[in-house]
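Enquirer: This is the structure, below, for whatever I ask next.
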Number of protein chains: 2
Amino acid sequence: MSKPRKFQDEFISLAHGNGGRFMRELIDDLFARHLASDCLDTSVDAAALPIEAAGSEIMVTTDGFTVEPLEFPGGNIGSLAVHGTVNDLAVSGAMPLYLTLNAFIEEGLAVDVLDRVLAAMAIACADCGVKVAAGDTKVVRRGQGGGLYLATTGIGLRPRNLNLGLSQVRPGDCVVISGPVGDHGTAVILAREQFGLSGDLQSDAASVLPIAQALLPLPGLKFMRDPTRGGIATVAHEIANASDATVRLDEAAIPVRDPVRGVCEMLGYDPYYLACEGRVVAVLAPESAARAVENLHRQGHEYAAIVGEVLAGPSRVVLQTRLGGQRILEELEDDPLPRIC
Amino acid sequence: MSKPRKFQDEFISLAHGNGGRFMRELIDDLFARHLASDCLDTSVDAAALPIEAAGSEIMVTTDGFTVEPLEFPGGNIGSLAVHGTVNDLAVSGAMPLYLTLNAFIEEGLAVDVLDRVLAAMAIACADCGVKVAAGDTKVVRRGQGGGLYLATTGIGLRPRNLNLGLSQVRPGDCVVISGPVGDHGTAVILAREQFGLSGDLQSDAASVLPIAQALLPLPGLKFMRDPTRGGIATVAHEIANASDATVRLDEAAIPVRDPVRGVCEMLGYDPYYLACEGRVVAVLAPESAARAVENLHRQGHEYAAIVGEVLAGPSRVVLQTRLGGQRILEELEDDPLPRIC
């Protein structure tokens with residue numbers, strides 16, 4: 001648990017970004033109070049990372065977060081940032097160790113909101129076993145931000161002998177998803193008052209580290225990715241482009257929760273293009289795919305399923321419909337949803 | 001030199017941030033065209049860093065950049081970001097190796113501006129010997145950004161036997177500055193049309209890696225910091241706070257260029273609180289301080305000087321004035337200059 005907050009101000013002002021006393025209080029009383037660890041020293045320019053890298057590769061990833069609203073059912077921008085960054089390392093086969101954090105705070109942001117965001121971040125860090133090693137804050141004028149934007153960089157270690165990547169994918173491989181799609185996207189849409197809708201949909205935002213670790217021992221594992229911006233359809237396109245093959249997804253097999261389907265139908269979104277923040281798309285040789293689904297079911301991911309396969313053929317993504325026909329899933333062009341992640 | 005630009009659009013739109021084809025083109029034709037290297041693969045979730053860390057500590061730092069205007073005499077937000085991050089590693093005694101880059105782009109940003117920013121970034125990276133290893137872009141709605149915000153995380157290596165840090169500072173130590181102060185702050189102020197002023201002032205934004213490397217071999221070196229937000233006065237406060245001592249700065253010794261002094265007098269700023277982006281404040285034992293200044297003069301830093309000392313006494317910063325009096329330099333509270341770095 002974090003110590004009680006001493007920070008007196010109710011709203012962030014420009015003075016909290018100027019390098020002086022107010023900024024030091026912001027950093028000490030809010031950021032460091034939640035995110036303190038043995039490797040976070042807010043008085044240094046650069047932090048030493050105690051990494052024992054023998055036999056491993058040092059892996060790095062970075063991600064920006066601009067979700068609106070900042071808080072949504074199932075998470076907030078802070079937990080989203082930790083999970084998103086941890087997940088990029090996890091699907092690369094790495095164990096995440098350290099994060100760095102940049103906050104771009106808009107003048108006028110309620111300190112209570114920032115406090116809840118950082119508290120959620122601290123819980124997510126503890127859950128994932130990562131520590132914040134360095135950070136930076138900037139305050140921008142009212143009307144020049146979106147309340148709060150975060151950027152997180154993750155550093156982890158990966159065994160040297162892993163052979164994961166898009167280049168490993170071959171025709172005949174199966175596509176597996178670890179859970180239902182579209183939950184994060186629809187939860188964020190519903191959380192925007194402008195739609196005048198409400199529902200009990202929750203974002204799926206979560207660490208996928210246990211999922212990735214459950215799949216990594218499978219000898220036929222070729223590739224993993226978390227389907228964030230652009231959803232499962234966009235990951236399928238990345239697979240098709242990189243392997244110069246056709247990815248066929250099976251509509252009947254892709255898990256979509258009923259309320260997600262309902263919201264998508266009402267608002268005209270395709271759930272296959274909506275961001276997930278706690279799912280893994282994995283490509284595996286057929287003999288490992290069934291095993292992967294079993295492993296995930298055993299972990300409690302009851303919706304995990306084989307949802308498609310890679311076929312020799314032109315580089316494209318086709319959806320096998322419930323009625324037995326096929327339709328092309330085009331690459332995403334226009335933006336349905338800014339600031340969804 | 002970068003390849004010719006294929007990117008057709010004149011302005012950034014929300015579709016450039018959605019995860020689909022437009023975003024891929026933005027990343028490939030703009031970001032990767034400038035920042036390509038053997039360790040940048042825009043198709044992976046996390047990148048492997050080829051680091052040979054035996055005998056060294058892995059160091060990390062992170063920084064956000066919100067400067068307005070995005071381009072100013074002497075640099076732009078891209079070169080500023082690279083130099084700022086490299087400098088935080090350099091003053092920690094580390095050799096910078098890799099950067100990660102987050103871009104928060106406001107809808108409507110001119111692609112030409114982004115192109116120039118990335119070109120300046122590429123030049124700065126080459127100058128400093130660092131490579132961009134991972135990146136992320138987000139596009140936010142018009143009116144929710146400041147054109148472009150950047151966040152960069154730097155990773156480098158530092159010899160294990162270095163004994164640098166605020167905790168090393170003792171009464172009797174000397175404070176050295178590597179060059180004149182206030183140039184970046186005033187150059188950015190003048191570049192804002194709102195002031196209706198013009199001048200030939202240039203930002204001092206530059207890599208301080210050669211400066212730091214010239215000081216590192218000196219046995220009496222205690223601490224280095226680049227005086228960015230809050231200027232030399234704020235670094236002096238950090239030294240005074242950490243060592244529970246008085247820092248006395250000597251007005252006659254602190255180099256300030258005449259045009260900087262002129263602008264500050266006209267607009268009511270104190271140059272000691274203005275950001276520098278290419279200077280180093282160093283604390284050294286007296287026997288090493290003169291040597292430090294000599295080394296810097298030999299490097300062409302003609303303004304390098306001993307500008308103060310650490311004294312036993314209460315934790316505060318005093319300025320010895322030209323007239324022989326003393327005035328307290330208070331810790332910065334109110335914000336004179338948002339979005340200056």
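The chains in the structure tokens are called A, B, ... from first to last as shown; in each chain the residues are counted from 1, and the ligands are counted from 1 in the order shown.
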When you get a sec, could you note down which chain B residues fall within 6 Å of chain A, using only C-alpha atoms, as a ChimeraX atom specification?
Expert: /B:15,18-21,45-49,58-63,88-89,134-136,144-146,229-230,332-335
Enquirer: What is the atom CA of B:Leu216-atom CA of B:Asp244 distance in Å, reported with one decimal?
Expert: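 Taking atom CA of B:Leu216 and atom CA of B:Asp244, their separation equals 24.5 Å.
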Enquirer: May I ask for the distance between atom CA of B:Val247 and atom CA of B:Val176, given in Å to one decimal place?
Expert: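 According to the coordinates, atom CA of B:Val247 and atom CA of B:Val176 are separated by 12.0 Å.
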Enquirer: Just list as a ChimeraX atom specification whatever in stretch 152-281 of chain A DSSP marks as alpha helix (DSSP H).
Expert: /A:183-191,209-215,231-243,258-267
Enquirer: Please write the residues from the selection above to a file, keeping N, CA and C atoms, as a compact mmCIF listing (two decimals), in the first residue's frame.
Expert:
# COMPACT_ATOMS: atom_id res chain seq x y z
N ASP A 183 -13.38 -6.64 -26.51
CA ASP A 183 -13.84 -6.16 -25.20
C ASP A 183 -13.27 -4.79 -24.86
N HIS A 184 -11.96 -4.61 -25.05
CA HIS A 184 -11.38 -3.31 -24.69
C HIS A 184 -11.99 -2.20 -25.54
N GLY A 185 -12.03 -2.43 -26.84
CA GLY A 185 -12.55 -1.40 -27.73
C GLY A 185 -13.96 -0.99 -27.37
N THR A 186 -14.84 -1.94 -27.17
CA THR A 186 -16.24 -1.59 -26.87
C THR A 186 -16.37 -0.98 -25.47
N ALA A 187 -15.58 -1.47 -24.52
CA ALA A 187 -15.67 -0.89 -23.16
C ALA A 187 -15.28 0.58 -23.19
N VAL A 188 -14.27 0.92 -23.97
CA VAL A 188 -13.83 2.31 -24.05
C VAL A 188 -14.88 3.15 -24.78
N ILE A 189 -15.44 2.60 -25.85
CA ILE A 189 -16.50 3.33 -26.56
C ILE A 189 -17.66 3.65 -25.61
N LEU A 190 -18.08 2.64 -24.87
CA LEU A 190 -19.23 2.84 -23.98
C LEU A 190 -18.91 3.82 -22.85
N ALA A 191 -17.64 3.87 -22.48
CA ALA A 191 -17.26 4.77 -21.39
C ALA A 191 -17.25 6.23 -21.84
N LEU A 209 1.37 -12.10 -19.73
CA LEU A 209 2.60 -12.84 -19.42
C LEU A 209 2.32 -14.31 -19.10
N PRO A 210 1.28 -14.62 -18.27
CA PRO A 210 1.03 -16.04 -18.01
C PRO A 210 0.64 -16.81 -19.28
N ILE A 211 -0.08 -16.14 -20.18
CA ILE A 211 -0.46 -16.79 -21.44
C ILE A 211 0.79 -17.07 -22.27
N ALA A 212 1.62 -16.05 -22.43
CA ALA A 212 2.83 -16.22 -23.24
C ALA A 212 3.72 -17.30 -22.65
N GLN A 213 3.85 -17.30 -21.33
CA GLN A 213 4.71 -18.30 -20.69
C GLN A 213 4.15 -19.71 -20.83
N ALA A 214 2.81 -19.81 -20.93
CA ALA A 214 2.20 -21.13 -21.11
C ALA A 214 2.41 -21.64 -22.54
N LEU A 215 2.56 -20.73 -23.49
CA LEU A 215 2.72 -21.15 -24.88
C LEU A 215 4.18 -21.38 -25.26
N GLY A 231 -6.80 -4.59 -33.93
CA GLY A 231 -7.44 -5.85 -33.59
C GLY A 231 -6.86 -7.08 -34.28
N ILE A 232 -7.61 -8.18 -34.18
CA ILE A 232 -7.15 -9.45 -34.72
C ILE A 232 -7.02 -9.39 -36.24
N ALA A 233 -7.85 -8.60 -36.90
CA ALA A 233 -7.77 -8.50 -38.36
C ALA A 233 -6.42 -7.91 -38.76
N THR A 234 -5.93 -6.94 -38.00
CA THR A 234 -4.66 -6.30 -38.35
C THR A 234 -3.48 -7.24 -38.09
N VAL A 235 -3.54 -8.01 -37.01
CA VAL A 235 -2.48 -9.01 -36.79
C VAL A 235 -2.50 -10.03 -37.92
N ALA A 236 -3.71 -10.44 -38.34
CA ALA A 236 -3.80 -11.40 -39.45
C ALA A 236 -3.15 -10.82 -40.70
N HIS A 237 -3.33 -9.51 -40.93
CA HIS A 237 -2.68 -8.88 -42.09
C HIS A 237 -1.17 -8.87 -41.94
N GLU A 238 -0.69 -8.64 -40.72
CA GLU A 238 0.75 -8.64 -40.52
C GLU A 238 1.34 -10.03 -40.81
N ILE A 239 0.59 -11.06 -40.40
CA ILE A 239 1.04 -12.43 -40.68
C ILE A 239 1.02 -12.69 -42.18
N ALA A 240 -0.08 -12.28 -42.84
CA ALA A 240 -0.22 -12.52 -44.28
C ALA A 240 0.87 -11.79 -45.06
N ASN A 241 1.11 -10.53 -44.68
CA ASN A 241 2.13 -9.74 -45.39
C ASN A 241 3.52 -10.34 -45.22
N ALA A 242 3.84 -10.70 -43.99
CA ALA A 242 5.21 -11.16 -43.71
C ALA A 242 5.47 -12.53 -44.30
N SER A 243 4.45 -13.37 -44.35
CA SER A 243 4.71 -14.74 -44.81
C SER A 243 4.23 -14.92 -46.25
N ASP A 258 -21.44 -11.75 -26.49
CA ASP A 258 -22.70 -11.20 -27.00
C ASP A 258 -22.81 -9.69 -26.83
N PRO A 259 -22.51 -9.14 -25.63
CA PRO A 259 -22.65 -7.68 -25.51
C PRO A 259 -21.70 -6.93 -26.44
N VAL A 260 -20.52 -7.48 -26.71
CA VAL A 260 -19.59 -6.84 -27.64
C VAL A 260 -20.20 -6.85 -29.04
N ARG A 261 -20.74 -8.00 -29.40
CA ARG A 261 -21.37 -8.12 -30.71
C ARG A 261 -22.53 -7.12 -30.83
N GLY A 262 -23.30 -6.99 -29.75
CA GLY A 262 -24.44 -6.08 -29.77
C GLY A 262 -24.02 -4.63 -29.97
N VAL A 263 -23.02 -4.21 -29.21
CA VAL A 263 -22.55 -2.83 -29.32
C VAL A 263 -22.00 -2.58 -30.73
N CYS A 264 -21.24 -3.55 -31.23
CA CYS A 264 -20.64 -3.38 -32.56
C CYS A 264 -21.73 -3.26 -33.63
N GLU A 265 -22.76 -4.08 -33.50
CA GLU A 265 -23.84 -4.01 -34.51
C GLU A 265 -24.55 -2.67 -34.44
N MET A 266 -24.77 -2.20 -33.20
CA MET A 266 -25.50 -0.95 -33.03
C MET A 266 -24.70 0.23 -33.58
N LEU A 267 -23.40 0.23 -33.34
CA LEU A 267 -22.58 1.39 -33.71
C LEU A 267 -21.83 1.20 -35.02
Enquirer: Do you have the atom CA of A:Glu71-atom CA of A:Leu109 distance handy?
Expert: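 Between these atoms lies a distance of 12.9 Å.
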Enquirer: Write out as a ChimeraX atom specification all residues of stretch 266-326 of chain A that backbone DSSP assigns to strand (DSSP E or B).
Expert: /A:281-284,305-311,316-320,326
Enquirer: Residues of stretch 144-178 of chain A within 6 Å of stretch 304-325 of chain A: nearest atom pair and distance (Å, one decimal) for each, counting only C-alpha atoms, sorted by chain and number, as JSON lines?
Expert:
{"residue": "A:Pro171", "atom": "CA", "partner": "A:Leu311", "partner_atom": "CA", "distance": 4.6}
{"residue": "A:Gly172", "atom": "CA", "partner": "A:Val310", "partner_atom": "CA", "distance": 5.5}
{"residue": "A:Asp173", "atom": "CA", "partner": "A:Val310", "partner_atom": "CA", "distance": 5.4}
{"residue": "A:Cys174", "atom": "CA", "partner": "A:Glu309", "partner_atom": "CA", "distance": 4.3}
{"residue": "A:Val175", "atom": "CA", "partner": "A:Gly308", "partner_atom": "CA", "distance": 4.9}
{"residue": "A:Val176", "atom": "CA", "partner": "A:Ile306", "partner_atom": "CA", "distance": 4.3}
{"residue": "A:Ile177", "atom": "CA", "partner": "A:Ala304", "partner_atom": "CA", "distance": 5.6}
{"residue": "A:Ser178", "atom": "CA", "partner": "A:Ala304", "partner_atom": "CA", "distance": 4.2}
